[in-house]
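Have a look at model18.cif; it's mmCIF, C-alpha atoms:
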```cif
data_run
#
loop_
_atom_site.group_PDB
_atom_site.id
_atom_site.type_symbol
_atom_site.label_atom_id
_atom_site.label_comp_id
_atom_site.auth_asym_id
_atom_site.auth_seq_id
_atom_site.Cartn_x
_atom_site.Cartn_y
_atom_site.Cartn_z
ATOM 1 C CA MET A 1 -34.484 8.091 -16.666
ATOM 2 C CA LYS A 2 -33.495 11.189 -14.763
ATOM 3 C CA ILE A 3 -29.964 12.537 -14.556
ATOM 4 C CA SER A 4 -29.065 15.340 -12.187
ATOM 5 C CA ILE A 5 -25.806 17.217 -12.131
ATOM 6 C CA ILE A 6 -25.060 18.950 -8.868
ATOM 7 C CA CYS A 7 -22.231 21.436 -9.134
ATOM 8 C CA VAL A 8 -20.596 23.986 -6.900
ATOM 9 C CA GLY A 9 -20.555 27.544 -8.162
ATOM 10 C CA LYS A 10 -22.460 29.525 -10.736
ATOM 11 C CA LEU A 11 -21.569 29.817 -14.402
ATOM 12 C CA LYS A 12 -20.892 33.409 -15.370
ATOM 13 C CA GLU A 13 -19.408 33.137 -18.838
ATOM 14 C CA LYS A 14 -21.893 33.173 -21.708
ATOM 15 C CA TYR A 15 -19.971 30.599 -23.780
ATOM 16 C CA TRP A 16 -20.206 27.934 -21.051
ATOM 17 C CA ASN A 17 -23.928 28.605 -20.685
ATOM 18 C CA LEU A 18 -24.426 28.321 -24.448
ATOM 19 C CA ALA A 19 -22.645 24.962 -24.516
ATOM 20 C CA ILE A 20 -24.666 23.675 -21.562
ATOM 21 C CA ASP A 21 -27.890 24.876 -23.167
ATOM 22 C CA GLU A 22 -27.012 23.044 -26.374
ATOM 23 C CA TYR A 23 -26.315 19.703 -24.666
ATOM 24 C CA SER A 24 -29.327 20.132 -22.381
ATOM 25 C CA LYS A 25 -31.522 20.594 -25.450
ATOM 26 C CA ARG A 26 -30.042 17.505 -27.132
ATOM 27 C CA LEU A 27 -30.472 15.422 -23.997
ATOM 28 C CA SER A 28 -34.078 16.519 -23.454
ATOM 29 C CA LYS A 29 -35.154 14.102 -26.211
ATOM 30 C CA TYR A 30 -33.880 11.148 -24.180
ATOM 31 C CA ILE A 31 -33.831 11.906 -20.449
ATOM 32 C CA LYS A 32 -35.074 14.267 -17.800
ATOM 33 C CA LEU A 33 -32.063 16.452 -17.019
ATOM 34 C CA GLU A 34 -31.658 18.642 -13.975
ATOM 35 C CA ILE A 35 -28.683 20.898 -13.277
ATOM 36 C CA ILE A 36 -28.425 22.134 -9.708
ATOM 37 C CA GLU A 37 -25.945 24.843 -8.806
ATOM 38 C CA VAL A 38 -25.076 25.265 -5.139
ATOM 39 C CA PRO A 39 -23.223 28.370 -3.933
ATOM 40 C CA ASP A 40 -19.497 28.088 -3.495
ATOM 41 C CA GLU A 41 -17.632 29.299 -0.438
ATOM 42 C CA LYS A 42 -14.987 31.989 -0.608
ATOM 43 C CA ALA A 43 -11.650 30.202 -0.802
ATOM 44 C CA PRO A 44 -8.652 32.551 -0.591
ATOM 45 C CA GLU A 45 -5.389 31.349 -2.112
ATOM 46 C CA THR A 46 -3.735 30.964 1.286
ATOM 47 C CA MET A 47 -5.722 28.731 3.603
ATOM 48 C CA SER A 48 -4.750 26.170 6.171
ATOM 49 C CA LEU A 49 -5.818 22.566 5.651
ATOM 50 C CA ALA A 50 -8.366 23.033 8.434
ATOM 51 C CA GLU A 51 -9.854 26.048 6.650
ATOM 52 C CA GLU A 52 -10.000 24.081 3.388
ATOM 53 C CA GLU A 53 -11.909 21.310 5.158
ATOM 54 C CA ILE A 54 -14.408 23.854 6.518
ATOM 55 C CA VAL A 55 -14.998 25.190 2.987
ATOM 56 C CA LYS A 56 -15.488 21.674 1.585
ATOM 57 C CA LYS A 57 -17.798 20.755 4.463
ATOM 58 C CA LYS A 58 -20.050 23.808 3.889
ATOM 59 C CA GLU A 59 -20.209 23.145 0.153
ATOM 60 C CA GLY A 60 -20.809 19.465 0.876
ATOM 61 C CA GLU A 61 -23.785 20.241 3.103
ATOM 62 C CA ARG A 62 -25.340 22.217 0.249
ATOM 63 C CA ILE A 63 -24.729 19.345 -2.157
ATOM 64 C CA LEU A 64 -26.170 16.705 0.163
ATOM 65 C CA LYS A 65 -29.386 18.710 0.696
ATOM 66 C CA ASN A 66 -30.108 18.204 -3.014
ATOM 67 C CA ILE A 67 -29.689 14.417 -3.125
ATOM 68 C CA LYS A 68 -32.733 12.228 -2.706
ATOM 69 C CA ASP A 69 -32.360 8.970 -0.795
ATOM 70 C CA ASP A 70 -33.072 6.763 -3.815
ATOM 71 C CA ALA A 71 -30.582 8.516 -6.126
ATOM 72 C CA TYR A 72 -27.473 6.721 -7.331
ATOM 73 C CA CYS A 73 -24.597 9.168 -6.799
ATOM 74 C CA VAL A 74 -21.492 9.429 -8.920
ATOM 75 C CA ALA A 75 -18.826 11.754 -7.528
ATOM 76 C CA LEU A 76 -16.350 13.174 -10.005
ATOM 77 C CA ALA A 77 -13.003 12.642 -8.313
ATOM 78 C CA ILE A 78 -9.416 12.512 -9.537
ATOM 79 C CA ASP A 79 -8.897 9.131 -7.841
ATOM 80 C CA GLY A 80 -12.065 7.656 -9.371
ATOM 81 C CA LYS A 81 -12.350 5.094 -12.166
ATOM 82 C CA ASN A 82 -11.431 6.214 -15.673
ATOM 83 C CA PHE A 83 -13.817 5.206 -18.464
ATOM 84 C CA SER A 84 -13.741 5.349 -22.214
ATOM 85 C CA SER A 85 -16.915 6.778 -23.754
ATOM 86 C CA GLU A 86 -18.087 3.237 -24.494
ATOM 87 C CA GLU A 87 -17.435 2.176 -20.893
ATOM 88 C CA LEU A 88 -19.411 5.164 -19.594
ATOM 89 C CA ALA A 89 -22.275 4.165 -21.894
ATOM 90 C CA ASP A 90 -22.108 0.622 -20.510
ATOM 91 C CA PHE A 91 -22.013 1.951 -16.938
ATOM 92 C CA VAL A 92 -25.133 4.086 -17.506
ATOM 93 C CA GLU A 93 -26.958 1.215 -19.196
ATOM 94 C CA LYS A 94 -26.090 -1.334 -16.482
ATOM 95 C CA THR A 95 -27.054 1.144 -13.762
ATOM 96 C CA THR A 96 -30.505 1.632 -15.274
ATOM 97 C CA LEU A 97 -30.912 -2.118 -15.857
ATOM 98 C CA ARG A 98 -30.456 -2.563 -12.095
ATOM 99 C CA GLY A 99 -33.672 -0.575 -11.666
ATOM 100 C CA ILE A 100 -32.043 2.753 -10.856
ATOM 101 C CA SER A 101 -34.009 5.566 -12.442
ATOM 102 C CA HIS A 102 -32.120 8.569 -11.050
ATOM 103 C CA ILE A 103 -28.374 9.108 -11.413
ATOM 104 C CA VAL A 104 -26.759 12.130 -9.779
ATOM 105 C CA PHE A 105 -23.341 13.309 -10.930
ATOM 106 C CA ILE A 106 -21.546 15.587 -8.463
ATOM 107 C CA ILE A 107 -18.933 18.171 -9.465
ATOM 108 C CA GLY A 108 -17.150 19.779 -6.525
ATOM 109 C CA GLY A 109 -15.710 23.230 -6.113
ATOM 110 C CA SER A 110 -12.109 24.331 -6.454
ATOM 111 C CA LEU A 111 -11.032 22.337 -3.383
ATOM 112 C CA GLY A 112 -12.894 19.156 -4.278
ATOM 113 C CA LEU A 113 -15.608 17.288 -2.385
ATOM 114 C CA SER A 114 -16.100 16.837 1.340
ATOM 115 C CA LYS A 115 -15.686 13.482 3.067
ATOM 116 C CA GLU A 116 -19.444 13.454 3.674
ATOM 117 C CA VAL A 117 -20.202 13.771 -0.046
ATOM 118 C CA MET A 118 -17.606 11.151 -0.914
ATOM 119 C CA ASN A 119 -19.165 8.814 1.658
ATOM 120 C CA ARG A 120 -22.630 9.354 0.137
ATOM 121 C CA ALA A 121 -21.373 8.597 -3.366
ATOM 122 C CA ASN A 122 -22.047 5.144 -4.759
ATOM 123 C CA TYR A 123 -19.271 5.479 -7.330
ATOM 124 C CA TYR A 124 -16.202 7.620 -8.036
ATOM 125 C CA LEU A 125 -15.608 8.640 -11.645
ATOM 126 C CA SER A 126 -12.524 10.353 -13.006
ATOM 127 C CA PHE A 127 -12.220 12.007 -16.386
ATOM 128 C CA SER A 128 -8.478 12.501 -16.003
ATOM 129 C CA LYS A 129 -5.672 12.831 -13.501
ATOM 130 C CA MET A 130 -5.603 16.466 -14.584
ATOM 131 C CA THR A 131 -7.684 19.144 -12.901
ATOM 132 C CA PHE A 132 -10.276 20.968 -15.006
ATOM 133 C CA PRO A 133 -12.186 24.143 -14.193
ATOM 134 C CA HIS A 134 -15.613 23.182 -12.838
ATOM 135 C CA GLN A 135 -17.268 25.229 -15.587
ATOM 136 C CA MET A 136 -15.523 23.203 -18.290
ATOM 137 C CA MET A 137 -16.208 19.953 -16.466
ATOM 138 C CA ARG A 138 -19.954 20.549 -16.692
ATOM 139 C CA VAL A 139 -19.735 20.802 -20.458
ATOM 140 C CA ILE A 140 -17.467 17.757 -20.743
ATOM 141 C CA LEU A 141 -19.779 15.718 -18.507
ATOM 142 C CA LEU A 142 -22.897 16.713 -20.440
ATOM 143 C CA GLU A 143 -21.223 15.891 -23.741
ATOM 144 C CA GLN A 144 -20.175 12.467 -22.455
ATOM 145 C CA ILE A 145 -23.646 11.723 -21.089
ATOM 146 C CA TYR A 146 -25.084 12.652 -24.484
ATOM 147 C CA ARG A 147 -22.494 10.477 -26.233
ATOM 148 C CA ALA A 148 -23.263 7.563 -23.868
ATOM 149 C CA ILE A 149 -26.965 7.770 -24.649
ATOM 150 C CA LYS A 150 -26.305 7.876 -28.394
ATOM 151 C CA ILE A 151 -24.005 4.839 -28.073
ATOM 152 C CA ASN A 152 -26.618 2.915 -26.071
ATOM 153 C CA ARG A 153 -29.302 3.704 -28.638
ATOM 154 C CA ASN A 154 -27.013 2.769 -31.561
ATOM 155 C CA GLU A 155 -27.546 6.222 -33.013
ATOM 156 C CA PRO A 156 -24.835 8.003 -34.976
ATOM 157 C CA TYR A 157 -22.720 10.668 -33.330
ATOM 158 C CA HIS A 158 -19.434 12.169 -34.426
ATOM 159 C CA LYS A 159 -16.260 10.366 -33.407
#
```

Once more with this new file: its structure as structure tokens, please.
Amino acid sequence: MKISIICVGKLKEKYWNLAIDEYSKRLSKYIKLEIIEVPDEKAPETMSLAEEEIVKKKEGERILKNIKDDAYCVALAIDGKNFSSEELADFVEKTTLRGISHIVFIIGGSLGLSKEVMNRANYYLSFSKMTFPHQMMRVILLEQIYRAIKINRNEPYHK
């Protein structure tokens, strides 16, 4: 199984990179993991809605260029479905049992995802109604993917 995470923006802080490296190393025993960073657009604090849409559209084009036709896409979105860790594990397992070998998780930039990306997504997943920094969301997502795999393999992992 291959899991890709496409995210907007580059990680600059060492502590986020260390956490991502740790979960990437753990996951490498079980799956092929790919993390793709696409450049973010400058987004000043004061923008019109039209300007926000332009930013999301440009970021969305960069995201979509990295998605293969046969990939199953999961967009992280506030209005998506909330899962427990066990439900995420079940979702991953059922997705692979349907013959899907490549799952792509998409984390948008500070303004969210474009309509085009949302239309390409096969599923919307929400971790919370709260907004998290995209850097933190990468770590949370990787940890939950790792937890899901451990659950599906009936291997111990801390609670």

Query raised in the report: Given the choices A:Ser101, A:Asn119, A:Asn66, A:Ser85, which gets closest to Ile140 (chain A) if the distance is worked out from only C-alpha atoms?
Result: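 Smallest distance to Ile140 (chain A) is found for A:Ser85.
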
Query - Distance criterion (all atoms listed in the file): nearest to Met1 (chain A) out of A:Glu41, A:Asp90, A:Asp79, A:Glu34 - result: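 Under the stated criterion, the closest residue is A:Glu34.
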
Query raised in the report: For this file, the PyMOL selection byres ((chain A and resi 82) around 10) selects which residues, as a list in words?
Result: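 Evaluating the PyMOL selection byres ((chain A and resi 82) around 10) on these coordinates yields Ala77, Ile78, Asp79, Gly80, Lys81, Phe83, Ser84, Ser85, Glu87, Leu88, Tyr124, Leu125, Ser126, Phe127, Ser128 and Lys129 of chain A.
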
Query raised in the report: Could you spell out the hits of the PyMOL selection byres ((chain A and resi 69) around 12) on the shown file, as an MDAnalysis selection string?
Result: chainID A and resid 64:68 70:73 100 102:104 120:122

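Closest approach to Arg153 (chain A) among A:Ile3, A:Ala19, A:Glu86, A:Met47 is made by A:Glu86 (distances from all atoms listed in the file).
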
Query - Shortest interatomic distance to Lys12 (chain A) - which of A:Glu37, A:Val74, A:Pro156, A:Ile149, counting all atoms listed in the file - result: A:Glu37

Which residues would end up in the selection if the PyMOL selection byres ((chain A and resi 63) around 9) were applied here, given that I need the answer as an mmCIF file with C-alpha atoms, in the frame of the given file?
```cif
data_model
loop_
_atom_site.group_PDB
_atom_site.id
_atom_site.type_symbol
_atom_site.label_atom_id
_atom_site.label_comp_id
_atom_site.auth_asym_id
_atom_site.auth_seq_id
_atom_site.Cartn_x
_atom_site.Cartn_y
_atom_site.Cartn_z
ATOM 1 C CA ILE A 6 -25.060 18.950 -8.868
ATOM 2 C CA CYS A 7 -22.231 21.436 -9.134
ATOM 3 C CA VAL A 8 -20.596 23.986 -6.900
ATOM 4 C CA ILE A 36 -28.425 22.134 -9.708
ATOM 5 C CA GLU A 37 -25.945 24.843 -8.806
ATOM 6 C CA VAL A 38 -25.076 25.265 -5.139
ATOM 7 C CA LYS A 58 -20.050 23.808 3.889
ATOM 8 C CA GLU A 59 -20.209 23.145 0.153
ATOM 9 C CA GLY A 60 -20.809 19.465 0.876
ATOM 10 C CA GLU A 61 -23.785 20.241 3.103
ATOM 11 C CA ARG A 62 -25.340 22.217 0.249
ATOM 12 C CA LEU A 64 -26.170 16.705 0.163
ATOM 13 C CA LYS A 65 -29.386 18.710 0.696
ATOM 14 C CA ASN A 66 -30.108 18.204 -3.014
ATOM 15 C CA ILE A 67 -29.689 14.417 -3.125
ATOM 16 C CA ILE A 106 -21.546 15.587 -8.463
ATOM 17 C CA GLY A 108 -17.150 19.779 -6.525
ATOM 18 C CA VAL A 117 -20.202 13.771 -0.046
#
```

Query raised in the report: For Leu142 (chain A), which residue out of A:Met130, A:Leu27, A:Ala75, A:Leu111 is the nearest one, using all atoms listed in the file?
Result: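 Among A:Met130, A:Leu27, A:Ala75, A:Leu111, it is A:Leu27 that comes nearest to Leu142 (chain A).
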
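Distance-wise, CA of Tyr23 (chain A) and CA of Leu97 (chain A) end up 24.0 Å apart.
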
Query raised in the report: Between A:His134, A:Lys10, A:Lys94, A:Lys115, which has the minimum distance to Ala148 (chain A) (counting all atoms listed in the file)?
Result: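 The answer is A:Lys94, which sits nearest to Ala148 (chain A).
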
Query - Interatomic distance, CA of Glu116 (chain A) to CA of Glu53 (chain A) (Å, one decimal) - result: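 Rounded to one decimal, the two atoms are 11.0 Å apart.
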
Requested in this report: State, in Å with one decimal place, the distance from CA of Asp40 (chain A) to CA of Ser110 (chain A).
Outcome: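 Atom-to-atom, CA of Asp40 (chain A) to CA of Ser110 (chain A), that is 8.8 Å.
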
Select all residues near (-9.3, 25.1, 2.4) (cut-off 12 Å, inclusive, file coordinates), counting all atoms listed in the file, and output them as a PDB file with C-alpha atoms, in the coordinates of the input.
```pdb
ATOM      1  CA  GLU A  41     -17.632  29.299  -0.438  1.00  0.00           C
ATOM      2  CA  LYS A  42     -14.987  31.989  -0.608  1.00  0.00           C
ATOM      3  CA  ALA A  43     -11.650  30.202  -0.802  1.00  0.00           C
ATOM      4  CA  PRO A  44      -8.652  32.551  -0.591  1.00  0.00           C
ATOM      5  CA  GLU A  45      -5.389  31.349  -2.112  1.00  0.00           C
ATOM      6  CA  THR A  46      -3.735  30.964   1.286  1.00  0.00           C
ATOM      7  CA  MET A  47      -5.722  28.731   3.603  1.00  0.00           C
ATOM      8  CA  SER A  48      -4.750  26.170   6.171  1.00  0.00           C
ATOM      9  CA  LEU A  49      -5.818  22.566   5.651  1.00  0.00           C
ATOM     10  CA  ALA A  50      -8.366  23.033   8.434  1.00  0.00           C
ATOM     11  CA  GLU A  51      -9.854  26.048   6.650  1.00  0.00           C
ATOM     12  CA  GLU A  52     -10.000  24.081   3.388  1.00  0.00           C
ATOM     13  CA  GLU A  53     -11.909  21.310   5.158  1.00  0.00           C
ATOM     14  CA  ILE A  54     -14.408  23.854   6.518  1.00  0.00           C
ATOM     15  CA  VAL A  55     -14.998  25.190   2.987  1.00  0.00           C
ATOM     16  CA  LYS A  56     -15.488  21.674   1.585  1.00  0.00           C
ATOM     17  CA  LYS A  57     -17.798  20.755   4.463  1.00  0.00           C
ATOM     18  CA  LYS A  58     -20.050  23.808   3.889  1.00  0.00           C
ATOM     19  CA  GLU A  59     -20.209  23.145   0.153  1.00  0.00           C
ATOM     20  CA  GLY A 109     -15.710  23.230  -6.113  1.00  0.00           C
ATOM     21  CA  SER A 110     -12.109  24.331  -6.454  1.00  0.00           C
ATOM     22  CA  LEU A 111     -11.032  22.337  -3.383  1.00  0.00           C
ATOM     23  CA  GLY A 112     -12.894  19.156  -4.278  1.00  0.00           C
ATOM     24  CA  LEU A 113     -15.608  17.288  -2.385  1.00  0.00           C
ATOM     25  CA  SER A 114     -16.100  16.837   1.340  1.00  0.00           C
TER      26      SER A 114
END
```

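Only residues having an atom at most 8 Å from (-22.7, 15.0, -16.7) are included; using all atoms listed in the file, these are Ile3, Ser4, Ile5, Phe105, Arg138, Val139, Ile140, Leu141, Leu142, Glu143, Gln144 and Ile145 of chain A.
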